[in-house]
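Below: start-v1.cif (mmCIF, C-alpha atoms and all ligand atoms)
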data_model
loop_
_atom_site.label_atom_id
_atom_site.label_comp_id
_atom_site.auth_asym_id
_atom_site.auth_seq_id
_atom_site.Cartn_x
_atom_site.Cartn_y
_atom_site.Cartn_z
CA MET A 1 -31.42 -20.33 2.65
CA ALA A 2 -29.95 -17.79 5.03
CA ASN A 3 -31.06 -14.22 4.74
CA TYR A 4 -28.81 -11.26 5.33
CA GLU A 5 -28.86 -7.51 5.17
CA THR A 6 -25.97 -5.30 4.09
CA GLU A 7 -25.00 -1.91 2.83
CA ALA A 8 -23.70 -2.05 -0.74
CA VAL A 9 -22.85 -0.15 -3.87
CA VAL A 10 -23.88 -1.36 -7.33
CA ILE A 11 -20.74 -1.99 -9.40
CA GLY A 12 -22.12 -4.18 -12.19
CA SER A 13 -25.39 -4.87 -13.92
CA LYS A 14 -26.33 -7.34 -16.64
CA ASN A 15 -29.73 -8.10 -18.12
CA PHE A 16 -30.92 -11.63 -17.58
CA GLY A 17 -34.01 -13.39 -18.94
CA ASP A 18 -37.00 -11.21 -19.85
CA ALA A 19 -37.16 -8.86 -16.89
CA ASP A 20 -34.37 -9.76 -14.49
CA LYS A 21 -30.93 -8.43 -13.78
CA ILE A 22 -27.75 -9.97 -12.45
CA ILE A 23 -26.21 -7.36 -10.21
CA THR A 24 -22.67 -7.18 -8.88
CA LEU A 25 -22.61 -5.54 -5.47
CA LEU A 26 -19.69 -4.40 -3.42
CA THR A 27 -21.04 -4.93 0.08
CA SER A 28 -19.75 -3.67 3.40
CA SER A 29 -20.06 -7.05 5.13
CA ARG A 30 -19.28 -9.67 2.44
CA GLY A 31 -17.14 -7.92 -0.13
CA LYS A 32 -18.10 -8.52 -3.74
CA ILE A 33 -21.17 -10.62 -4.37
CA LYS A 34 -23.37 -11.41 -7.35
CA GLY A 35 -27.11 -11.40 -6.95
CA ILE A 36 -30.14 -11.90 -9.11
CA ALA A 37 -32.88 -9.29 -8.99
CA TYR A 38 -36.11 -10.74 -10.33
CA GLY A 39 -38.25 -8.24 -12.24
CA ALA A 40 -35.74 -5.41 -11.76
CA ARG A 41 -36.05 -4.31 -15.40
CA ARG A 42 -39.73 -3.51 -15.02
CA ALA A 43 -39.95 0.23 -14.37
CA LYS A 44 -42.45 -0.12 -11.56
CA ASN A 45 -40.56 -2.86 -9.76
CA PRO A 46 -39.28 -1.56 -6.40
CA LEU A 47 -35.81 -2.95 -7.19
CA ALA A 48 -35.54 -0.97 -10.45
CA ALA A 49 -34.43 2.40 -9.02
CA PRO A 50 -32.01 1.24 -6.31
CA LEU A 51 -30.31 -1.34 -8.52
CA THR A 52 -28.79 1.13 -10.95
CA MET A 53 -25.05 1.61 -11.39
CA PHE A 54 -23.16 3.37 -8.56
CA CYS A 55 -26.21 3.48 -6.32
CA ASN A 56 -25.42 3.17 -2.60
CA ILE A 57 -28.08 0.92 -1.14
CA SER A 58 -29.22 -1.03 1.84
CA ALA A 59 -30.09 -4.52 0.60
CA LYS A 60 -31.79 -7.62 1.89
CA LEU A 61 -30.66 -10.83 0.25
CA SER A 62 -31.03 -14.59 0.49
CA GLU A 63 -28.08 -16.83 -0.06
CA GLY A 64 -28.37 -18.95 -3.18
CA LYS A 65 -26.42 -21.83 -4.65
CA ASN A 66 -24.80 -19.82 -7.43
CA LEU A 67 -26.27 -16.37 -7.07
CA ASP A 68 -27.76 -14.72 -4.03
CA VAL A 69 -31.27 -13.33 -4.48
CA ILE A 70 -31.74 -9.62 -3.94
CA ARG A 71 -35.13 -9.33 -2.25
CA GLN A 72 -35.27 -5.71 -1.17
CA ALA A 73 -33.16 -2.64 -1.76
CA GLY A 74 -33.43 0.92 -0.51
CA ILE A 75 -31.46 3.93 -1.71
CA LEU A 76 -29.00 5.40 0.81
CA GLY A 77 -27.27 7.71 -1.62
CA ARG A 78 -26.62 8.36 -5.30
CA PHE A 79 -23.98 10.02 -7.42
CA PRO A 80 -26.11 11.93 -9.93
CA LYS A 81 -23.18 13.70 -11.63
CA LEU A 82 -21.79 10.32 -12.68
CA GLU A 83 -24.95 9.73 -14.69
CA ALA A 84 -25.16 13.25 -16.12
CA ASP A 85 -21.57 13.63 -17.35
CA LEU A 86 -20.26 11.13 -19.91
CA THR A 87 -16.60 11.58 -18.91
CA LYS A 88 -17.34 11.09 -15.23
CA MET A 89 -19.53 8.11 -16.05
CA ALA A 90 -16.83 6.49 -18.19
CA TYR A 91 -14.23 6.75 -15.41
CA ALA A 92 -16.72 5.61 -12.78
CA LEU A 93 -17.44 2.55 -14.94
CA PHE A 94 -13.71 1.90 -15.08
CA ILE A 95 -13.46 1.99 -11.27
CA ALA A 96 -16.56 -0.21 -10.93
CA GLU A 97 -15.19 -2.75 -13.42
CA LEU A 98 -11.79 -2.74 -11.71
CA LEU A 99 -13.41 -3.47 -8.34
CA GLY A 100 -15.58 -6.17 -9.89
CA GLU A 101 -12.71 -7.90 -11.65
CA LEU A 102 -10.03 -7.53 -8.99
CA LEU A 103 -11.88 -8.52 -5.84
CA PRO A 104 -12.71 -12.12 -4.93
CA GLU A 105 -16.31 -12.99 -4.10
CA ASN A 106 -17.52 -13.19 -0.51
CA VAL A 107 -14.42 -11.79 1.13
CA ALA A 108 -15.26 -8.80 3.34
CA GLU A 109 -13.17 -5.75 2.45
CA PRO A 110 -14.67 -2.94 4.56
CA GLU A 111 -11.84 -0.55 3.78
CA ILE A 112 -12.27 -1.03 0.02
CA PHE A 113 -16.03 -0.63 0.40
CA ASP A 114 -15.67 2.71 2.20
CA PHE A 115 -13.03 3.76 -0.27
CA SER A 116 -15.27 3.03 -3.28
CA LEU A 117 -17.90 5.46 -1.99
CA LYS A 118 -15.20 8.07 -1.50
CA VAL A 119 -13.97 7.53 -5.05
CA PHE A 120 -17.42 7.93 -6.63
CA LYS A 121 -17.93 11.13 -4.62
CA THR A 122 -14.53 12.44 -5.67
CA LEU A 123 -15.19 11.56 -9.33
CA GLU A 124 -18.24 13.80 -9.11
CA GLU A 125 -16.36 16.73 -7.66
CA ARG A 126 -12.92 16.66 -9.26
CA ASN A 127 -11.15 15.87 -12.54
CA ALA A 128 -12.41 12.38 -13.36
CA ARG A 129 -9.42 11.17 -15.35
CA ILE A 130 -6.85 12.08 -12.70
CA THR A 131 -9.09 10.87 -9.87
CA ALA A 132 -9.57 7.52 -11.61
CA ASN A 133 -5.81 7.10 -12.06
CA ILE A 134 -5.11 7.82 -8.40
CA ALA A 135 -8.02 5.66 -7.23
CA ALA A 136 -6.94 2.69 -9.35
CA TRP A 137 -3.49 2.62 -7.71
CA LYS A 138 -5.08 2.85 -4.27
CA ILE A 139 -7.46 -0.01 -5.06
CA LEU A 140 -4.55 -2.11 -6.34
CA ASN A 141 -2.71 -1.35 -3.10
CA LEU A 142 -5.66 -2.24 -0.89
CA ALA A 143 -6.28 -5.43 -2.85
CA GLY A 144 -2.66 -6.54 -2.34
CA PHE A 145 -1.10 -5.51 -5.65
CA PRO A 146 1.11 -2.53 -4.81
CA LEU A 147 3.55 -0.97 -7.24
CA SER A 148 6.89 -1.15 -5.45
CA PHE A 149 8.97 2.02 -5.33
CA ASP A 150 11.44 1.61 -2.43
CA ILE A 151 12.04 -2.11 -2.41
CA CYS A 152 13.37 -3.93 -5.46
CA PRO A 153 10.70 -6.54 -6.25
CA ILE A 154 13.32 -9.02 -7.52
CA CYS A 155 15.98 -9.09 -4.75
CA GLY A 156 13.80 -7.56 -2.02
CA LYS A 157 16.43 -4.99 -1.03
CA LYS A 158 15.68 -1.39 -0.19
CA LYS A 159 17.10 0.81 -2.90
CA GLU A 160 17.68 4.33 -4.13
CA LYS A 161 15.18 5.84 -6.52
CA SER A 162 15.18 3.89 -9.78
CA LEU A 163 13.79 4.68 -13.21
CA ARG A 164 13.84 1.05 -14.37
CA LEU A 165 10.41 -0.43 -14.08
CA SER A 166 9.34 -4.04 -14.49
CA ILE A 167 5.58 -4.36 -14.79
CA LYS A 168 5.80 -8.14 -14.48
CA GLU A 169 7.81 -7.96 -11.26
CA GLY A 170 5.56 -5.21 -9.91
CA GLY A 171 7.88 -2.29 -9.39
CA PHE A 172 11.08 -0.36 -9.89
CA ILE A 173 14.10 -2.65 -9.88
CA CYS A 174 17.55 -1.96 -8.41
CA GLU A 175 20.74 -1.55 -10.44
CA ASN A 176 21.90 -5.11 -9.65
CA CYS A 177 18.78 -6.78 -10.97
CA ASN A 178 17.39 -7.13 -14.44
CA ALA A 179 14.04 -8.02 -15.96
CA LYS A 180 13.20 -8.87 -19.55
CA ASP A 181 10.23 -6.53 -19.61
CA LYS A 182 12.01 -3.59 -17.99
CA ILE A 183 11.19 -0.12 -19.27
CA GLU A 184 13.03 3.11 -18.56
CA ILE A 185 10.92 6.07 -17.65
CA SER A 186 11.79 9.70 -16.99
CA GLU A 187 12.24 11.43 -13.62
CA GLY A 188 9.01 13.34 -14.15
CA GLU A 189 7.07 10.19 -14.98
CA ASN A 190 8.48 8.39 -11.96
CA GLU A 191 7.58 11.33 -9.74
CA LEU A 192 4.00 11.49 -11.02
CA LEU A 193 3.54 7.75 -10.43
CA ALA A 194 4.94 8.15 -6.91
CA ASN A 195 2.64 11.11 -6.30
CA PHE A 196 -0.37 9.18 -7.61
CA ASN A 197 0.48 6.30 -5.27
CA GLY A 198 1.11 8.55 -2.30
CA VAL A 199 -2.10 10.62 -2.30
CA ASP A 200 -3.65 11.12 1.12
CA TRP A 201 -7.36 10.48 0.46
CA ASN A 202 -8.35 12.21 3.69
CA LYS A 203 -7.11 15.45 2.18
CA ILE A 204 -8.15 14.96 -1.45
CA ASP A 205 -11.10 17.33 -1.20
CA ALA A 206 -8.62 20.18 -0.77
CA GLY A 207 -6.96 19.31 -4.09
CA LEU A 208 -3.64 17.74 -5.03
CA ASN A 209 -0.34 19.12 -3.79
CA PHE A 210 1.46 18.32 -7.06
CA SER A 211 0.88 19.26 -10.66
CA VAL A 212 0.02 16.87 -13.47
CA THR A 213 1.37 17.51 -16.97
CA GLY A 214 -0.14 15.95 -20.07
CA ASP A 215 2.92 13.94 -21.16
CA ASN A 216 3.58 12.50 -17.72
CA LEU A 217 -0.09 11.66 -17.31
CA ILE A 218 -0.13 9.76 -20.61
CA CYS A 219 2.91 7.74 -19.50
CA ALA A 220 1.52 7.08 -16.01
CA GLU A 221 -1.74 5.96 -17.57
CA LYS A 222 0.05 3.58 -19.94
CA ILE A 223 1.88 2.05 -16.99
CA LEU A 224 -1.36 1.70 -15.05
CA ILE A 225 -3.02 -0.08 -17.99
CA LEU A 226 -0.03 -2.43 -18.44
CA PHE A 227 0.01 -3.11 -14.70
CA LEU A 228 -3.72 -3.87 -14.64
CA ARG A 229 -3.33 -6.25 -17.57
CA SER A 230 -0.44 -7.95 -15.80
CA VAL A 231 -2.45 -8.38 -12.58
CA LEU A 232 -5.74 -9.40 -14.20
CA GLY A 233 -4.44 -11.21 -17.28
CA TYR A 234 -6.74 -9.28 -19.62
CA ASN A 235 -7.83 -5.76 -20.51
CA LEU A 236 -10.78 -4.09 -18.83
CA LYS A 237 -13.66 -3.42 -21.23
CA SER A 238 -14.23 0.05 -19.84
CA LEU A 239 -10.82 1.15 -21.13
CA LYS A 240 -12.00 0.53 -24.68
CA PHE A 241 -15.08 2.62 -23.94
CA ILE A 242 -12.91 5.45 -22.59
CA ARG A 243 -10.67 5.33 -25.69
CA GLU A 244 -13.55 5.28 -28.14
CA VAL A 245 -15.98 7.72 -26.54
CA LEU A 246 -13.91 10.36 -24.79
ZN ZN B 1 17.22 -5.93 -6.99
#
If you took the structure in this file and wrote it as structure tokens, what would it be?
Amino acid sequence: MANYETEAVVIGSKNFGDADKIITLLTSSRGKIKGIAYGARRAKNPLAAPLTMFCNISAKLSEGKNLDVIRQAGILGRFPKLEADLTKMAYALFIAELLGELLPENVAEPEIFDFSLKVFKTLEERNARITANIAAWKILNLAGFPLSFDICPICGKKKEKSLRLSIKEGGFICENCNAKDKIEISEGENELLANFNGVDWNKIDAGLNFSVTGDNLICAEKILILFLRSVLGYNLKSLKFIREVL
């Protein structure tokens, strides 16, 4: 079995057997991978501390038939506020689950890897709900599922601003086209969605250059959830957690 070493962030963790864990890692060199960590549930095991959710690690693994084996892991960085604040944790779990469900295994996505670290850092520092909304659209974009604003997703023509949205088609449709699932949204809702999709992440530490009102946020969030369900084919579990706990 080939051995390899990679930087990674822990985006999923499941107990397995008596003392083991199956860990989902987003790695810098191989994209998403699943690995087994033998003994990682024993407190004194050296894998126990680094293989906790959202931990940024350096890992040594061996390729396996179904699962790779995580042999060593060292902590490069943590996001302690995500563990200390339930709201931040809930939205970080949403981002982690989205990455885990959306990305294929063993396909290197260095830009998405770097971005995930930026998102967890930003979730610590800024409003978690708004950050998670903005981050989810960016992840969808990077993974090849953009929400189309300027080009009608049905006829492919560039168009004026439209308020008619088809989730199934993946964007705002032009006046000549129609879609069974089309919904009409308001100017304000359209603008917030466009702002969410247009955020410059290099400048996010300085704050957003648009305001977010409660009603528009609720609508934008509904559209995000519908869009995610359309892309994935099912609902993310973390959304239920957010609804029930927060
Ligand atoms: Zn069209």
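Residues with at least one atom no more than 10 Å from (-38.0, -8.1, -11.7), using only C-alpha atoms, are A:Phe16, A:Gly17, A:Asp18, A:Ala19, A:Asp20, A:Lys21, A:Ile36, A:Ala37, A:Tyr38, A:Gly39, A:Ala40, A:Arg41, A:Arg42, A:Ala43, A:Lys44, A:Asn45, A:Pro46, A:Leu47, A:Ala48, A:Arg71.
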Could you pull the residues within 7 Å of region 162-168 of chain A, counting only C-alpha atoms, minus those fewer than 3 positions along the same chain, as a compact mmCIF listing (two decimals) with C-alpha atoms, keeping the file's coordinate frame?
# COMPACT_ATOMS: atom_id res chain seq x y z
CA GLY A 171 7.88 -2.29 -9.39
CA PHE A 172 11.08 -0.36 -9.89
CA ILE A 173 14.10 -2.65 -9.88
CA CYS A 174 17.55 -1.96 -8.41
CA ALA A 179 14.04 -8.02 -15.96
CA ASP A 181 10.23 -6.53 -19.61
CA LYS A 182 12.01 -3.59 -17.99
CA ILE A 183 11.19 -0.12 -19.27
CA GLU A 184 13.03 3.11 -18.56
CA ILE A 185 10.92 6.07 -17.65
CA SER A 186 11.79 9.70 -16.99
CA GLU A 187 12.24 11.43 -13.62
CA ASN A 190 8.48 8.39 -11.96
CA LEU A 226 -0.03 -2.43 -18.44
CA PHE A 227 0.01 -3.11 -14.70
CA SER A 230 -0.44 -7.95 -15.80
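Separating CA of Gly156 (chain A) from CA of Ala194 (chain A) is a distance of 18.7 Å.
Between CA of Glu63 (chain A) and CA of Ser13 (chain A) the interatomic distance comes to 18.5 Å.
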Item to check | Among listed residues A:Ile70, A:Ala2, A:Leu192, A:Leu93, nearest Phe210 (chain A) (using all atoms listed in the file) | outcome: A:Leu192
Item to check | Pick from A:Cys177, A:Ile139, A:Leu208, A:Leu193, whichever lies nearest to ligand ZN 1 (chain B) using only C-alpha atoms and all ligand atoms | outcome: A:Cys177
Checklist outcome for this item: Counting all atoms listed in the file, the residue among A:Ile33, A:Ile130, A:Cys55, A:Leu86 that lies closest to Gly214 (chain A) is A:Ile130
Checklist entry - Neighbours of ligand ZN 1 (chain B) within 8 Å, counting all atoms listed in the file, as a PyMOL selection string? => result chain A and resi 151-157+159+173-178
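Ranking A:Ala220, A:Leu246, A:Ala206, A:Leu102 by their shortest atom-to-atom distance to Ile134 (chain A), with only C-alpha atoms included, puts A:Ala220 first.
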Checklist entry - Contacts of Phe94 (chain A) at 10 Å or less, counting all atoms listed in the file, minus same-chain residues fewer than 6 places along, as a list in words? => result Ile11, Lys88, Gly100, Ala132, Asn133, Ala136, Leu236, Lys237, Ser238, Leu239, Lys240, Phe241 and Ile242 of chain A
Could you write those residues out with C-alpha atoms, as an mmCIF file, in the frame of the given file?
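What ended up in out-v3.cif:
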data_model
loop_
_atom_site.group_PDB
_atom_site.id
_atom_site.type_symbol
_atom_site.label_atom_id
_atom_site.label_comp_id
_atom_site.auth_asym_id
_atom_site.auth_seq_id
_atom_site.Cartn_x
_atom_site.Cartn_y
_atom_site.Cartn_z
ATOM 1 C CA ILE A 11 -20.740 -1.990 -9.400
ATOM 2 C CA LYS A 88 -17.340 11.090 -15.230
ATOM 3 C CA GLY A 100 -15.580 -6.170 -9.890
ATOM 4 C CA ALA A 132 -9.570 7.520 -11.610
ATOM 5 C CA ASN A 133 -5.810 7.100 -12.060
ATOM 6 C CA ALA A 136 -6.940 2.690 -9.350
ATOM 7 C CA LEU A 236 -10.780 -4.090 -18.830
ATOM 8 C CA LYS A 237 -13.660 -3.420 -21.230
ATOM 9 C CA SER A 238 -14.230 0.050 -19.840
ATOM 10 C CA LEU A 239 -10.820 1.150 -21.130
ATOM 11 C CA LYS A 240 -12.000 0.530 -24.680
ATOM 12 C CA PHE A 241 -15.080 2.620 -23.940
ATOM 13 C CA ILE A 242 -12.910 5.450 -22.590
#
